[in-house]
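*Asks:* I am attaching a structure below and will ask some questions about it afterwards.
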Amino acid sequence: MNTSFTDSNKSVRSNVCPRWERKRQNARDRAPLSSKNGGDRFIPNRAGMNMELSKHIFRGDTEDMTMSDGPEGETQSHLPSNQQVVPDANKQEYQSRLSAALLGVDDKSNNRIMSFKDKAPQPKGDTVNNLNVLYSAARSGPQKKSNAKLASRPIPSAPSRVLDAPDLMDDYYLNLISWSDTNILAVALANTVYLWNAGTGDIHELCTYDDGPSSHISSVAWVQEGGAHLAVGTSGGKTQLWDVHACKQLRSMDGHTDRVGSMAWNRHILSTGSRDTNIVNHDVRVSKHNVATLSAHCQEVCGLTWSNDGEVLASGGNDNLLCLWDATQTSLNNPGPRFQLTDHQAAVKALAWSPHERHLLATGGGTADRCIKFWNSQTGACLNSIDTGSQVCALQWSPFEKEILSSHGFARNQLCLWKYPSMGKIKELEGHTSRVLHMCVSPDGSTIVSAAGDETLRFWEIFAAPSKKHQSSSHYSASGNSSSKLSWTSQIR
């Protein structure tokens with residue numbers, strides 16, 4: 001009896017393939033899993049997987065390793081057709097046909113058990129991610145640095161000059177400074193108007209209003225060009241017109257029953273706003289100066305400004321209203337405003353028309369509002385609104401860049417320079433110890449003067465100086481219009 005080890009191996013057939021065959025089979029099965037589909041190789045996405053096909057592939061691979069083909073040369077003719085083992089030569093074709101019949105997939109080699117191709121779905125719009133700050137910290141850092149580079153020029157943090165202004169009234173609703181194109185700054189201190197020459201530093205007293213113990217000057221406004229005439233609003237409701245060269249009062253115009261806190265020029269038309277809630281248009285060329293009375297506000301009118309083209313008058317009041325009036329209608333008695341806007345939640349005093357875009361108006365609200373809003377005066381649409389965090393007292397556009405300066409009240413009493421339209425904060429300027437009530441820009445457009453309740457005037461070098469090309473064009477424009485302006489200003493009586 002031959003019981004050699006070799007002979008016994010010939011008579012025994014194992015159900016487990018040799019290790020080298022299993023390794024070759026596994027390498028052949030993994031070959032189609034190359035990264036030709038792309039995507040992440042570690043995080044599966046169930047939404048991108050064919051679950052039925054994956055189960056079939058997974059089950060088929062394990063069955064291939066454990067299936068017994070029977071002894072070599074053994075026939076399967078005695079077995080039913082559905083129980084016969086498929087020979088190895090036809091197994092690949094059999095699997096392909098089976099996949100096509102059951103799963104609708106001709107070639108399973110191009111399909112994976114786990115799919116990494118599709119991206120994760122985007123969150124819904126109302127999803128709040130509380131960890132967003134942590135994961136976006138790397139991006140927020142450079143963004144803060146970019147805000148500091150919104151202006152390429154250096155902006156001094158300290159004022160270039162500080163002047164005392166004793167008895168400057170700390171009243172939000174008044175407008176007590178005005179800077180002429182001849183470089184003369186008019187300042188109302190209590191019941192007296194002073195003129196300060198910015199070129200020489202000389203100070204001159206123009207007039208004193210004395211109509212009782214509580215009488216005071218409530219507003220001042222230079223004529224647009226020429227710098228020869230100054231309008232003075234009083235607490236008694238009178239509007240005075242002064243010739244500053246002759247130091248002489250030319251006329252006193254009535255029309256109001258309470259103090260005149262705001263004024264705006266449009267060539268020969270002087271618009272005045274009062275605590276009696278009315279706006280009066282005065283034609284200073286004629287004796288019957290009152291050409292129109294505009295009534296839409298129900299509380300004091302504290303802000304007035306004409307658009308650069310003289311077509312629209314913007315008025316703001318303590319009733320939180322912003323009204324836009326057509327110039328063609330302001331010659332009529334009691335016309336209605338083009339738009340009556342109610343978006344602000346506090347008094348609207350700060351008004352400024354953009355010198356860069358027609359129909360663009362910026363407005364600022366009081367303590368309960370704290371917002372700067374931008375409007376299209378043609379459509380009445382609010383283009384943007386930004387919460388500044390404190391009372392907005394005054395607004396001033398840069399004549400050279402798309403920048404806007406705002407002055408504020410409690411708690412920091414600061415000036416803020418913003419880049420339009422992104423409204424990125426370029427710089428904050430601090431120094432006043434009380435709310436910054438008024439601002440004016442110098443004739444060359446580079447210096448801002450601010451007046452505050454701390455009874456000081458501070459001069460800031462904020463806006464970029466104009467280029468030589470801009471200076472020459474501005475000089476040409478001024479010289480071309482000066483003759484026409486003087487032709488009607490000389491008719492004031």
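Following the order of the structure tokens, first chain is A, next is B, and so on, with residues numbered from 1 inside each chain and ligands from 1 in the order they appear.
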Sort by chain and increasing residue number a table of all residues of range 294-349 of chain A within 12 Å of range 217-220 of chain A, each with its closest pair of atoms and their distance in Å to one decimal, counting only C-alpha atoms, and write it as a tab-separated table.

*Replies:*
residue	atom	partner	partner_atom	distance
A:Cys302	CA	A:Ser219	CA	10.0
A:Gly303	CA	A:Ser219	CA	10.8
A:Leu304	CA	A:Ser219	CA	11.3

*Asks:* Based on DSSP run over this structure's backbone, return all residues of range 122-316 of chain A in alpha helix (DSSP H), as a list in words.

*Replies:*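 Written out, the alpha helix (DSSP H) residues of range 122-316 of chain A are Asn132, Val133, Leu134, Tyr135, Ala137, Ala138, Arg139, Ser140, Gly141, Pro142, Gln143, Lys144, Lys145, Ser146 and Asn147 of chain A.
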
*Asks:* Save the residues we just selected, N, CA, C and O atoms, as an mmCIF file, in the first residue's frame?

*Replies:*
data_model
loop_
_atom_site.group_PDB
_atom_site.id
_atom_site.type_symbol
_atom_site.label_atom_id
_atom_site.label_comp_id
_atom_site.auth_asym_id
_atom_site.auth_seq_id
_atom_site.Cartn_x
_atom_site.Cartn_y
_atom_site.Cartn_z
ATOM 1 N N ASN A 132 -19.016 78.112 11.893
ATOM 2 C CA ASN A 132 -18.512 78.738 10.680
ATOM 3 C C ASN A 132 -17.368 79.691 10.976
ATOM 4 O O ASN A 132 -16.439 79.842 10.187
ATOM 5 N N VAL A 133 -17.438 80.356 12.134
ATOM 6 C CA VAL A 133 -16.378 81.302 12.492
ATOM 7 C C VAL A 133 -15.050 80.600 12.671
ATOM 8 O O VAL A 133 -13.998 81.088 12.273
ATOM 9 N N LEU A 134 -15.089 79.384 13.273
ATOM 10 C CA LEU A 134 -13.848 78.653 13.495
ATOM 11 C C LEU A 134 -13.218 78.214 12.188
ATOM 12 O O LEU A 134 -12.010 78.350 11.984
ATOM 13 N N TYR A 135 -14.042 77.691 11.283
ATOM 14 C CA TYR A 135 -13.500 77.155 10.043
ATOM 15 C C TYR A 135 -13.182 78.229 9.016
ATOM 16 O O TYR A 135 -12.476 77.975 8.051
ATOM 17 N N ALA A 137 -11.808 81.155 9.926
ATOM 18 C CA ALA A 137 -10.890 82.101 10.558
ATOM 19 C C ALA A 137 -9.720 82.415 9.650
ATOM 20 O O ALA A 137 -9.225 83.531 9.611
ATOM 21 N N ALA A 138 -9.268 81.425 8.876
ATOM 22 C CA ALA A 138 -8.133 81.666 8.004
ATOM 23 C C ALA A 138 -8.472 82.659 6.913
ATOM 24 O O ALA A 138 -7.629 83.406 6.445
ATOM 25 N N ARG A 139 -9.757 82.693 6.488
ATOM 26 C CA ARG A 139 -10.149 83.629 5.434
ATOM 27 C C ARG A 139 -10.483 84.995 5.994
ATOM 28 O O ARG A 139 -10.321 85.999 5.329
ATOM 29 N N SER A 140 -10.999 85.048 7.230
ATOM 30 C CA SER A 140 -11.386 86.334 7.798
ATOM 31 C C SER A 140 -10.178 87.179 8.152
ATOM 32 O O SER A 140 -10.250 88.400 8.159
ATOM 33 N N GLY A 141 -9.028 86.536 8.459
ATOM 34 C CA GLY A 141 -7.846 87.305 8.807
ATOM 35 C C GLY A 141 -7.368 88.195 7.681
ATOM 36 O O GLY A 141 -7.279 89.411 7.823
ATOM 37 N N PRO A 142 -7.085 87.640 6.477
ATOM 38 C CA PRO A 142 -6.649 88.493 5.368
ATOM 39 C C PRO A 142 -7.686 89.523 4.962
ATOM 40 O O PRO A 142 -7.354 90.581 4.484
ATOM 41 N N GLN A 143 -8.992 89.217 5.182
ATOM 42 C CA GLN A 143 -10.025 90.178 4.791
ATOM 43 C C GLN A 143 -9.932 91.442 5.621
ATOM 44 O O GLN A 143 -10.123 92.542 5.142
ATOM 45 N N LYS A 144 -9.626 91.292 6.926
ATOM 46 C CA LYS A 144 -9.478 92.459 7.769
ATOM 47 C C LYS A 144 -8.306 93.304 7.317
ATOM 48 O O LYS A 144 -8.332 94.518 7.347
ATOM 49 N N LYS A 145 -7.245 92.646 6.873
ATOM 50 C CA LYS A 145 -6.100 93.393 6.393
ATOM 51 C C LYS A 145 -6.431 94.148 5.113
ATOM 52 O O LYS A 145 -5.960 95.247 4.892
ATOM 53 N N SER A 146 -7.281 93.542 4.270
ATOM 54 C CA SER A 146 -7.630 94.207 3.017
ATOM 55 C C SER A 146 -8.438 95.462 3.265
ATOM 56 O O SER A 146 -8.358 96.412 2.505
ATOM 57 N N ASN A 147 -9.274 95.495 4.350
ATOM 58 C CA ASN A 147 -10.024 96.695 4.650
ATOM 59 C C ASN A 147 -9.112 97.860 4.957
ATOM 60 O O ASN A 147 -9.433 99.003 4.675
#

*Asks:* If you run DSSP over the backbone, which residues in range 288-483 of chain A end up strand (DSSP E or B)? Put them as a ChimeraX atom specification.

*Replies:* /A:290-295,301-306,312-317,322-326,339-341,348-353,360-365,371-376,381-387,392-397,403-408,415-419,424-429,436-441,447-452,456-461

*Asks:* Pick out the closest residue to Asn290 in chain A from this set: A:Met253, A:Leu395, A:Leu313, A:Leu163. Count only C-alpha atoms.

*Replies:*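 Closest to Asn290 in chain A, using only C-alpha atoms: A:Met253.
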
*Asks:* State, in Å with one decimal place, the distance from CA of Val162 in chain A to CA of Glu401 in chain A.

*Replies:*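 If I compute the distance from CA of Val162 in chain A to CA of Glu401 in chain A, I get 25.6 Å.
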
*Asks:* Write out as a list of chain:residue names each polymer residue whose atoms come within 7 Å of range 362-369 of chain A, counting only C-alpha atoms; drop sequence neighbours fewer than 4 positions from it.

*Replies:*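 Non-adjacent residues within range: A:His344, A:Gln345, A:Ala346, A:Ala347, A:Val348, A:Lys349, A:Ala350, A:Leu351, A:Ala352, A:Trp353, A:Lys373, A:Phe374, A:Trp375, A:Ser390, A:Gln391, A:Val392.
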
*Asks:* From the options A:Asp258, A:Glu357, A:Glu205, A:Asp444, which residue's atoms come nearest to Lys402 in chain A, counting only C-alpha atoms?

*Replies:*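 Looking at the shortest contact to Lys402 in chain A, the residue is A:Glu357.
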
*Asks:* Pick out the residues sitting within 10 Å of Ser354 in chain A, and hand them over as a list in words; count only C-alpha atoms, and ignore anything fewer than 5 positions along from it in its own chain.

*Replies:*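 Surrounding residues, per the criterion: Ser307, Asn308, His359, Leu360, Leu361, Ala362, Phe374, Gln396, Trp397, Ser398, Pro399, Lys402, Glu403 and Ile404 of chain A.
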
*Asks:* Neighbouring residues of range 229-232 of chain A were defined as those with any atom within 8 Å, considering only C-alpha atoms; residues of the same chain fewer than 2 positions away were excluded. Please report them as a compact mmCIF listing (two decimals) with N, CA, C and O atoms, in the first residue's frame.

*Replies:*
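File produced: around.txt:
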# COMPACT_ATOMS: atom_id res chain seq x y z
N ILE A 217 -28.48 132.29 16.84
CA ILE A 217 -28.37 131.95 15.42
C ILE A 217 -28.56 130.45 15.29
O ILE A 217 -27.91 129.65 15.98
N SER A 218 -29.47 130.04 14.40
CA SER A 218 -29.81 128.61 14.29
C SER A 218 -29.26 127.95 13.03
O SER A 218 -29.24 126.71 12.97
N SER A 219 -28.78 128.72 12.05
CA SER A 219 -28.20 128.12 10.84
C SER A 219 -27.47 129.18 10.03
O SER A 219 -27.81 130.37 10.09
N VAL A 220 -26.47 128.74 9.27
CA VAL A 220 -25.74 129.61 8.33
C VAL A 220 -25.50 128.83 7.05
O VAL A 220 -25.35 127.60 7.07
N ALA A 221 -25.48 129.54 5.90
CA ALA A 221 -25.24 128.88 4.61
C ALA A 221 -24.71 129.91 3.62
O ALA A 221 -25.35 130.94 3.37
N TRP A 222 -23.51 129.63 3.05
CA TRP A 222 -22.94 130.49 2.02
C TRP A 222 -23.66 130.28 0.70
O TRP A 222 -24.13 129.16 0.40
N VAL A 223 -23.72 131.33 -0.10
CA VAL A 223 -24.19 131.19 -1.47
C VAL A 223 -23.24 130.25 -2.20
O VAL A 223 -22.05 130.13 -1.85
N GLY A 226 -18.94 132.38 -5.43
CA GLY A 226 -18.68 133.81 -5.28
C GLY A 226 -18.27 134.19 -3.87
O GLY A 226 -17.42 135.05 -3.67
N GLY A 227 -18.87 133.55 -2.86
CA GLY A 227 -18.50 133.80 -1.48
C GLY A 227 -18.76 135.20 -1.00
O GLY A 227 -18.13 135.66 -0.03
N THR A 234 -32.37 132.52 12.01
CA THR A 234 -32.46 132.96 13.41
C THR A 234 -33.52 132.17 14.17
O THR A 234 -34.38 131.51 13.57
N THR A 239 -35.00 135.04 8.22
CA THR A 239 -33.82 134.65 7.45
C THR A 239 -33.16 135.91 6.93
O THR A 239 -33.77 136.66 6.15
N GLN A 240 -31.94 136.14 7.35
CA GLN A 240 -31.21 137.35 6.96
C GLN A 240 -30.22 137.03 5.86
O GLN A 240 -29.65 135.93 5.81
N LEU A 241 -29.99 138.00 5.01
CA LEU A 241 -29.02 137.89 3.91
C LEU A 241 -27.99 138.99 4.08
O LEU A 241 -28.35 140.17 4.11
N TRP A 242 -26.71 138.60 4.17
CA TRP A 242 -25.64 139.54 4.47
C TRP A 242 -24.62 139.59 3.33
O TRP A 242 -24.30 138.56 2.73
N ASP A 243 -24.15 140.82 3.08
CA ASP A 243 -23.00 141.05 2.19
C ASP A 243 -21.76 141.07 3.08
O ASP A 243 -21.55 142.00 3.86
N VAL A 244 -20.93 140.04 2.96
CA VAL A 244 -19.80 139.91 3.88
C VAL A 244 -18.69 140.91 3.58
O VAL A 244 -17.93 141.28 4.48

*Asks:* Between A:Ile462, A:Ser180, A:Gln378, A:Tyr172, which one has atoms that come closest to Asn318 in chain A, using only C-alpha atoms?

*Replies:* A:Tyr172

*Asks:* Write out as JSON, numbers by chain which residues come within 10 Å of Gln414 in chain A when counting only C-alpha atoms, dropping same-chain ones fewer than 6 positions away.

*Replies:* {"A": [390, 406, 407, 408, 428, 429, 430, 431, 432, 433, 434, 435, 436]}

*Asks:* Check the smallest atom-to-atom distance from each of A:Ala264, A:Val284, A:Ala190, A:Ala228 to Ala165 in chain A using only C-alpha atoms, then report the winner.

*Replies:*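 Nearest candidate to Ala165 in chain A out of A:Ala264, A:Val284, A:Ala190, A:Ala228: A:Ala190.
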